[in-house]
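Input: a single structure, listed below in structure tokens.
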Amino acid sequence: MYSKDQILEIFKEKEVLLSGHFRLTSGRHAAYYMQCARLLQYPDVAGPLCEQLASNFANQGITVVVGPAIGAIPLSYEVARVLGVKSIFAERENGEMTLRRGFEVSPQDKVLVVEDVITTGGSVKEVISLMQAKGAEVVGVGVLVDRSNGKIDFGVPLASLVSIEIESFEPDQCPLCAEGKIPVVKPGSRS
């Protein structure tokens, strides 16, 4: 089992935890950014971390692991592999999370929802609602990084490898903008 400090060191080494001047999806600015996709390109490192995450949900009768596309697809697969169950993903169609590609869940399924990083938990909440609408029982949420620092309540147990709060600012109140030394960049998957 890795400690929080060891995980943060891995995140720095693999350039998952970035420092600089970032414009977040919300439009706010921050000095740090989590790019978890960079971790998932290293199976030798990501595998043991997914195993540690999965251990939080062992012996709970989980039959399906699901994550929102696209970031949680490899995470869902690896956690499901560790638990010995089916892996699927939800994706947006016409702005709503849905199951496509022949993926199905039933009222007999006990589902673990996974995500690489949560800030507001919006995508995870949508996946939980989708699973519940299909009659499946959601037994928990597993995330690599909880950027809310434990402030989100999904109505089911939440396990994260790292729980941190990254301070962010409105652009007109951003100390990095005021300094003017580091240009702002927009990382991530959404423009």
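Order determines the names: the first chain of the structure tokens is A, the second B, and so forth; residues in each chain are numbered 1 upward, and ligands are numbered 1 upward as they are shown.
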Using only C-alpha atoms, what does the table of range 41-90 of chain A residues within 10 Å of range 149-172 of chain A look like, with each row giving the shortest atom pair and its distance in Å to one decimal, sorted by chain and ascending number, as a Markdown table?
```
| residue | atom | partner | partner_atom | distance |
| --- | --- | --- | --- | --- |
| A:Leu49 | CA | A:Leu161 | CA | 7.8 |
| A:Cys50 | CA | A:Leu161 | CA | 9.0 |
| A:Gln52 | CA | A:Leu161 | CA | 7.8 |
| A:Leu53 | CA | A:Leu161 | CA | 6.4 |
| A:Ala54 | CA | A:Ala159 | CA | 9.1 |
| A:Ser55 | CA | A:Ala159 | CA | 9.8 |
| A:Asn56 | CA | A:Ala159 | CA | 6.7 |
| A:Phe57 | CA | A:Ala159 | CA | 8.6 |
```
For the residues in the current selection, export C-alpha atoms as a PDB file, in the first residue's frame.
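Output below, filename again16.pdb:
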```pdb
ATOM      1  CA  LEU A  49      -2.455   2.027  -7.768  1.00  0.00           C
ATOM      2  CA  CYS A  50      -5.650   0.630  -9.328  1.00  0.00           C
ATOM      3  CA  GLN A  52      -4.957  -0.323  -4.118  1.00  0.00           C
ATOM      4  CA  LEU A  53      -8.122   1.531  -5.150  1.00  0.00           C
ATOM      5  CA  ALA A  54      -9.954  -1.745  -5.878  1.00  0.00           C
ATOM      6  CA  SER A  55      -9.002  -3.133  -2.450  1.00  0.00           C
ATOM      7  CA  ASN A  56     -11.416  -0.611  -0.897  1.00  0.00           C
ATOM      8  CA  PHE A  57     -14.286  -2.479  -2.535  1.00  0.00           C
TER       9      PHE A  57
END
```
query = Taking the backbone alone, and naming residues the way the document does, which bits of range 14-180 of chain A are helix (DSSP H, G or I) by DSSP, as a ChimeraX atom specification?
reply = /A:36-41,43-55,73-83,122-133,171-173,175-179
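CA of Pro48 in chain A is found 21.3 Å from CA of Val111 in chain A.
For Glu137 in chain A, the non-local neighbours within 12 Å, defined as residues at least 6 positions apart in the same chain or in other chains and counting only C-alpha atoms, are Gln60, Gly61, Ile62, Thr63, Val64, Val65, Val105, Ser106, Pro107, Gln108, Asp109, Lys110, Val111, Leu112, Val113, Val127, Ile128, Ser129, Leu130, Met131, Gly155 and Val156 of chain A.
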query = Which residue gives the smallest distance to Gly140 in chain A among A:Val117, A:Ala58, A:Ala72, A:Leu8, with only C-alpha atoms counted?
reply = A:Ala58
Contacts of Met34 in chain A within 8 Å, only C-alpha atoms, excl. fewer than 4 positions in-chain, as a VMD selection string = chain A and resid 16 to 18 117
Selection above as a file: C-alpha atoms, as a tab-separated table (two decimals), in the first residue's frame:
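Final output, saved to again.tsv:
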```
chain	number	residue	atom	x	y	z
A	16	VAL	CA	0.38	13.97	-13.32
A	17	LEU	CA	0.56	16.77	-10.74
A	18	LEU	CA	1.59	19.82	-12.74
A	117	VAL	CA	-10.17	12.84	-10.86
```
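For Ser87 in chain A, the set of protein, DNA and RNA residues having any atom at most 9 Å away, when counting only C-alpha atoms and skipping those fewer than 5 positions along the same chain, is Thr63, Val64, Val65, Val66, Gly67, Ile73, Ser76, Tyr77, Glu78, Val79, Ala80 and Arg81 of chain A.
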Selected residues written out, C-alpha atoms, as a short mmCIF file (atom, residue, chain, number, x, y, z; two decimals), in the first residue's frame:
```cif
data_model
loop_
_atom_site.label_atom_id
_atom_site.label_comp_id
_atom_site.auth_asym_id
_atom_site.auth_seq_id
_atom_site.Cartn_x
_atom_site.Cartn_y
_atom_site.Cartn_z
CA THR A 63 -20.35 -7.34 -10.66
CA VAL A 64 -19.63 -4.32 -12.88
CA VAL A 65 -17.17 -1.42 -12.85
CA VAL A 66 -18.20 1.61 -14.91
CA GLY A 67 -16.59 4.96 -15.56
CA ILE A 73 -12.05 3.92 -19.47
CA SER A 76 -12.52 1.04 -15.15
CA TYR A 77 -10.82 -1.74 -17.07
CA GLU A 78 -7.94 -2.14 -14.63
CA VAL A 79 -10.08 -1.97 -11.47
CA ALA A 80 -12.50 -4.50 -13.01
CA ARG A 81 -9.56 -6.77 -13.89
#
```
Top pick for closest residue to Ala69 in chain A, considering A:Asp44, A:Glu96, A:Glu51, A:Glu15 and counting only C-alpha atoms = A:Glu96
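One distance worth recording is that between CA of Leu39 in chain A and CA of Gly20 in chain A, which is 18.6 Å.
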key: 10 Å contact set for Leu24 in chain A, only C-alpha atoms, chain neighbours under 2 positions out, as a PyMOL selection string   = chain A and resi 21-22+26-30+32-33+168-169+184-188+190-191
Produce a file of the selected residues containing N, CA and C atoms, as a PDB file, in the first residue's frame.
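Produced file out.pdb, reproduced below:
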```pdb
ATOM      1  N   HIS A  21       0.622  27.772 -14.191  1.00  0.00           N
ATOM      2  CA  HIS A  21      -0.491  28.725 -14.171  1.00  0.00           C
ATOM      3  C   HIS A  21      -1.532  28.194 -15.149  1.00  0.00           C
ATOM      4  N   PHE A  22      -2.646  27.685 -14.627  1.00  0.00           N
ATOM      5  CA  PHE A  22      -3.611  26.943 -15.429  1.00  0.00           C
ATOM      6  C   PHE A  22      -4.989  27.584 -15.401  1.00  0.00           C
ATOM      7  N   SER A  26     -13.632  25.340 -15.438  1.00  0.00           N
ATOM      8  CA  SER A  26     -14.572  26.302 -14.851  1.00  0.00           C
ATOM      9  C   SER A  26     -14.257  27.740 -15.233  1.00  0.00           C
ATOM     10  N   GLY A  27     -13.055  27.984 -15.807  1.00  0.00           N
ATOM     11  CA  GLY A  27     -12.616  29.342 -16.104  1.00  0.00           C
ATOM     12  C   GLY A  27     -11.731  29.922 -15.011  1.00  0.00           C
ATOM     13  N   ARG A  28     -11.728  29.292 -13.842  1.00  0.00           N
ATOM     14  CA  ARG A  28     -10.885  29.749 -12.739  1.00  0.00           C
ATOM     15  C   ARG A  28      -9.424  29.418 -13.024  1.00  0.00           C
ATOM     16  N   HIS A  29      -8.528  30.066 -12.296  1.00  0.00           N
ATOM     17  CA  HIS A  29      -7.090  29.843 -12.459  1.00  0.00           C
ATOM     18  C   HIS A  29      -6.528  29.132 -11.227  1.00  0.00           C
ATOM     19  N   ALA A  30      -5.484  28.335 -11.441  1.00  0.00           N
ATOM     20  CA  ALA A  30      -4.848  27.603 -10.343  1.00  0.00           C
ATOM     21  C   ALA A  30      -3.362  27.432 -10.634  1.00  0.00           C
ATOM     22  N   TYR A  32      -1.816  24.650  -9.695  1.00  0.00           N
ATOM     23  CA  TYR A  32      -1.605  23.202  -9.846  1.00  0.00           C
ATOM     24  C   TYR A  32      -2.722  22.613 -10.691  1.00  0.00           C
ATOM     25  N   TYR A  33      -2.398  21.523 -11.370  1.00  0.00           N
ATOM     26  CA  TYR A  33      -3.370  20.847 -12.218  1.00  0.00           C
ATOM     27  C   TYR A  33      -3.099  19.351 -12.183  1.00  0.00           C
ATOM     28  N   SER A 168      -8.137  27.658  -6.208  1.00  0.00           N
ATOM     29  CA  SER A 168      -8.323  28.299  -7.504  1.00  0.00           C
ATOM     30  C   SER A 168      -8.902  29.696  -7.300  1.00  0.00           C
ATOM     31  N   PHE A 169      -8.773  30.509  -8.345  1.00  0.00           N
ATOM     32  CA  PHE A 169      -9.143  31.925  -8.254  1.00  0.00           C
ATOM     33  C   PHE A 169      -9.895  32.359  -9.504  1.00  0.00           C
ATOM     34  N   VAL A 184      -0.798  31.920 -18.596  1.00  0.00           N
ATOM     35  CA  VAL A 184      -1.829  30.943 -18.287  1.00  0.00           C
ATOM     36  C   VAL A 184      -1.976  29.969 -19.454  1.00  0.00           C
ATOM     37  N   VAL A 185      -2.124  28.673 -19.134  1.00  0.00           N
ATOM     38  CA  VAL A 185      -2.333  27.641 -20.151  1.00  0.00           C
ATOM     39  C   VAL A 185      -3.603  26.867 -19.793  1.00  0.00           C
ATOM     40  N   LYS A 186      -4.227  26.284 -20.827  1.00  0.00           N
ATOM     41  CA  LYS A 186      -5.446  25.491 -20.642  1.00  0.00           C
ATOM     42  C   LYS A 186      -5.120  24.032 -20.943  1.00  0.00           C
ATOM     43  N   PRO A 187      -4.828  23.232 -19.901  1.00  0.00           N
ATOM     44  CA  PRO A 187      -4.599  21.811 -20.117  1.00  0.00           C
ATOM     45  C   PRO A 187      -5.908  21.052 -20.108  1.00  0.00           C
ATOM     46  N   GLY A 188      -5.844  19.748 -20.147  1.00  0.00           N
ATOM     47  CA  GLY A 188      -7.033  18.926 -19.940  1.00  0.00           C
ATOM     48  C   GLY A 188      -7.677  18.495 -21.228  1.00  0.00           C
ATOM     49  N   ARG A 190     -11.061  19.237 -22.079  1.00  0.00           N
ATOM     50  CA  ARG A 190     -12.148  20.087 -22.561  1.00  0.00           C
ATOM     51  C   ARG A 190     -11.619  21.474 -22.848  1.00  0.00           C
ATOM     52  N   SER A 191     -12.057  22.043 -23.957  1.00  0.00           N
ATOM     53  CA  SER A 191     -11.608  23.399 -24.325  1.00  0.00           C
ATOM     54  C   SER A 191     -12.584  24.435 -23.814  1.00  0.00           C
TER      55      SER A 191
END
```
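All residues of protein, DNA or RNA that reach within 8 Å of Asp116 in chain A, judged by only C-alpha atoms and not counting those fewer than 3 positions away in the chain, are A:Cys36, A:Ala37, A:Gly71, A:Ala72, A:Leu75, A:Val143, A:Leu144, A:Val145.
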For C-alpha atoms, I'd like the residues from the last selection saved as a short mmCIF file (atom, residue, chain, number, x, y, z; two decimals), in the first residue's frame.
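Just written: out-v2.cif:
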```cif
data_model
loop_
_atom_site.label_atom_id
_atom_site.label_comp_id
_atom_site.auth_asym_id
_atom_site.auth_seq_id
_atom_site.Cartn_x
_atom_site.Cartn_y
_atom_site.Cartn_z
CA CYS A 36 -4.40 11.71 -14.51
CA ALA A 37 -4.32 10.47 -18.11
CA GLY A 71 -10.65 9.42 -18.89
CA ALA A 72 -12.05 6.61 -16.76
CA LEU A 75 -9.25 2.95 -14.92
CA VAL A 143 -11.33 7.78 -7.68
CA LEU A 144 -7.63 8.27 -8.05
CA VAL A 145 -7.80 11.92 -6.98
#
```
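Our summary of the geometry notes that CA of Ile70 in chain A is positioned 8.7 Å from CA of Ala90 in chain A.
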ask   = Could you pull out all residues of range 13-166 of chain A with a DSSP call of strand (DSSP E) and give them as a count of residues only?
value = 54
